[in-house]
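Here's the structure, in structure tokens; my notes come after.
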2 protein chains.
Amino acid sequence: MLAGMGRLEIKPEQHAALVDGRPLSLTVRELQLLVTLSEHPQRIMTREELFAEVWGGRPRSDDRSVDVYVSRLRAKLGEALPEASLIHTHNGIGYRFSPDG
Amino acid sequence: MLAGMGRLEIKPEQHAALVDGRPLSLTVRELQLLVTLSEHPQRIMTREELFAEVWGGRPRSDDRSVDVYVSRLRAKLGEALPEASLIHTHNGIGYRFSPDG
DNA sequence: CGACCTGTGAAAATCGTGTGAACGCAGGCA
DNA sequence: TGCCTGCGTTCACACGATTTTCACAGGTCG
């Protein structure tokens with residue numbers, strides 16, 4: 001128990017992601033992205049899908065917003081849950097959220 | 001231990017907030033706000049929620065009362081408990097009371 | 001009147017966002 | 001193995017948005 005996960009709860013209605021009951025200080029965008037990813041666990045989501053959900057519309061072909069926010073999110077999650085790696089990169093495709101490592 | 005908290009007691013029924021047994025000199029509004037925040041520890045509360053509890057009704061869209069009173073409250077808490085940071089800002093959303101830092 | 005509380009406007013300070021660019025890693029191929 | 005190359009990661013910055021703080025005017029109550 002409390003290995004890696006089970007410690008992270010995502011509560012969109014409370015505008016919060018909790019680790020051990022304590023909210024991470026995520027920005028609105030970061031939270032939106034985390035919520036979107038976590039709503040489809042183990043599913044590889046393309047940048048287009050993620051962009052559509054979080055920003056709305058389609059990303060420019062060279063838009064790196066999703067990558068940048070994934071990076072920021074990983075940094076904050078990594079601080080709060082050092083041993084967990086929740087967001088996985090799928091090269092050439094997109095990202096996947098995995099609740100357990 | 002006794003960093004930040006354990007030293008602060010909030011007694012709504014006595015219209016008082018005590019630090020090491022001594023009452024802070026808070027105004028009615030300040031106390032109401034502190035009570036409201038502290039009744040939901042670790043929960044991010046929106047301005048609308050706080051306003052509804054303390055002032056009643058809905059704030060004007062550009063109302064900054066909550067912010068101003070949070071600021072006044074922090075000033076007084078900061079004097080009595082210099083090392084504690086009990087009220088956290090969540091940008092774009094609202095405020096959160098955290099008994100321990 | 002004098003002391004204090006309250007809400008408002010506005011200036012000052014801080015933070016979030018998106019972008020371009022630098023960097024680094026992994027995979028393909030000789 | 002060693003070099004390319006494409007893609008993902010992260011940094012730095014500028015701009016806009018949001019929060020913090022200050023000053024003040026009106027109100028209350030002794």
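Letters for chains follow the order of the structure tokens (A, B, ...), residue numbers begin at 1 for each chain, and ligand numbers begin at 1 in the order shown.
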
field: 9 Å contact set for A:Val35, only C-alpha atoms (C1' of nucleotides), chain neighbours under 6 positions out, as a ChimeraX atom specification
entry: /A:10-12,17

message: Once chain A is fitted to chain B on all Cα atoms paired one-to-one in order, how large is the remaining RMSD?
response: 0.4 Å

- request: Please provide as an MDAnalysis selection string all residues within 12 Å of C:DA11, with the sequence filter that same-chain residues fewer than 6 positions apart are discarded (counting only C-alpha atoms (C1' of nucleotides)).
  value: chainID D and resid 20:23

task: With a distance threshold of 8 Å and counting only C-alpha atoms (C1' of nucleotides), extract the residues of chain C near chain B and express them as a ChimeraX atom specification.
output: /C:5,7,15

Could those selected residues go to a file with N, CA and C atoms (P, O5', C5', C4', C3', O3' and C1' of nucleotides), as an mmCIF file, in the first residue's frame?
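Here's the written file result33.cif:
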data_model
loop_
_atom_site.group_PDB
_atom_site.id
_atom_site.type_symbol
_atom_site.label_atom_id
_atom_site.label_comp_id
_atom_site.auth_asym_id
_atom_site.auth_seq_id
_atom_site.Cartn_x
_atom_site.Cartn_y
_atom_site.Cartn_z
ATOM 1 P P DC C 5 -10.745 47.657 14.325
ATOM 2 O "O5'" DC C 5 -11.902 47.458 13.241
ATOM 3 C "C5'" DC C 5 -13.250 47.482 13.672
ATOM 4 C "C4'" DC C 5 -14.133 47.655 12.469
ATOM 5 C "C3'" DC C 5 -13.808 46.699 11.312
ATOM 6 O "O3'" DC C 5 -14.995 46.017 10.962
ATOM 7 C "C1'" DC C 5 -13.974 48.951 10.546
ATOM 8 P P DG C 7 -17.321 44.731 4.094
ATOM 9 O "O5'" DG C 7 -17.042 45.596 2.781
ATOM 10 C "C5'" DG C 7 -18.023 46.526 2.385
ATOM 11 C "C4'" DG C 7 -17.461 47.488 1.362
ATOM 12 C "C3'" DG C 7 -17.007 46.846 0.054
ATOM 13 O "O3'" DG C 7 -17.605 47.603 -0.994
ATOM 14 C "C1'" DG C 7 -15.291 48.237 0.919
ATOM 15 P P DC C 15 5.193 34.667 -6.902
ATOM 16 O "O5'" DC C 15 4.263 34.282 -8.135
ATOM 17 C "C5'" DC C 15 2.842 34.330 -7.960
ATOM 18 C "C4'" DC C 15 2.186 33.952 -9.267
ATOM 19 C "C3'" DC C 15 2.749 32.688 -9.914
ATOM 20 O "O3'" DC C 15 1.644 31.858 -10.199
ATOM 21 C "C1'" DC C 15 2.669 34.470 -11.481
#

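If you look at atom CA of A:Glu30 and atom CA of B:Glu83, they are 29.1 Å away from each other.
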
message: Based on only C-alpha atoms, which of the residues in chain B come within 8 Å of chain A? I want them as JSON, numbers by chain.
response: {"B": [42, 43, 44, 90, 91, 92, 93]}

Could you dump the residues just selected with C-alpha atoms as a PDB file, in the first residue's frame?
ATOM      1  CA  GLN B  42      -6.526  21.618   2.696  1.00  0.00           C
ATOM      2  CA  ARG B  43      -9.467  22.415   0.498  1.00  0.00           C
ATOM      3  CA  ILE B  44      -9.115  24.964  -2.248  1.00  0.00           C
ATOM      4  CA  HIS B  90      -4.202  29.085  -5.863  1.00  0.00           C
ATOM      5  CA  ASN B  91      -3.894  31.320  -8.815  1.00  0.00           C
ATOM      6  CA  GLY B  92      -7.005  31.646 -10.913  1.00  0.00           C
ATOM      7  CA  ILE B  93      -9.044  29.678  -8.375  1.00  0.00           C
TER       8      ILE B  93
END

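A straight line drawn from atom CA of B:Arg96 to atom CA of B:Asp67 is 12.4 Å long.
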
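The list of residues with at least one atom within 12 Å of B:Asp62, based on only C-alpha atoms (C1' of nucleotides) and without residues fewer than 2 positions apart in the same chain, reads Arg47, Glu48, Arg58, Pro59, Arg60, Arg64, Ser65, Val66 and Asp67 of chain B; DT8 and DG9 of chain C; DT18 of chain D.
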
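Atom pair atom CA of A:Lys76 / atom CA of A:Leu33: separated by 12.9 Å.
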
- prompt: Of the residues D:DA14, D:DT19, D:DT1, D:DC7, which is the one nearest to chain B, using only C-alpha atoms (C1' of nucleotides)?
  reply: D:DT19

task: Identify all residues of chain B in helix (DSSP H, G or I) (DSSP on the backbone) and supply them as a ChimeraX atom specification.
output: /B:12-14,28-38,47-54,65-80

task: Kindly determine which residues of chain D lie within 9 Å of chain A, considering only C-alpha atoms (C1' of nucleotides), and give the answer as a list in words.
output: DC7, DG8, DT9 and DT10 of chain D

Any chance you could list, as a CSV table (one decimal) with C-alpha atoms, in the first residue's frame, the residues in chain A that come up strand (DSSP E or B) when DSSP is run on the backbone?
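For reference, out09.csv as written:
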chain,number,residue,atom,x,y,z
A,8,LEU,CA,-2.7,10.5,-5.9
A,9,GLU,CA,-6.3,11.6,-6.2
A,10,ILE,CA,-7.6,13.8,-8.9
A,11,LYS,CA,-10.6,15.9,-8.1
A,16,ALA,CA,-7.3,20.0,-7.3
A,17,ALA,CA,-5.0,17.0,-7.5
A,18,LEU,CA,-4.2,15.6,-4.1
A,19,VAL,CA,-1.1,13.7,-2.9
A,22,ARG,CA,-2.7,17.6,0.1
A,23,PRO,CA,-3.3,19.6,-3.1
A,44,ILE,CA,-2.2,6.5,-25.5
A,45,MET,CA,-3.4,9.9,-26.3
A,46,THR,CA,-2.1,11.9,-29.2
A,87,ILE,CA,3.1,9.9,-17.6
A,88,HIS,CA,4.8,7.8,-20.3
A,89,THR,CA,6.0,9.1,-23.7
A,90,HIS,CA,5.1,7.1,-26.8
A,94,GLY,CA,1.7,11.0,-27.8
A,95,TYR,CA,1.4,10.3,-24.0
A,96,ARG,CA,-0.1,7.7,-21.7
A,97,PHE,CA,-1.2,8.0,-18.1
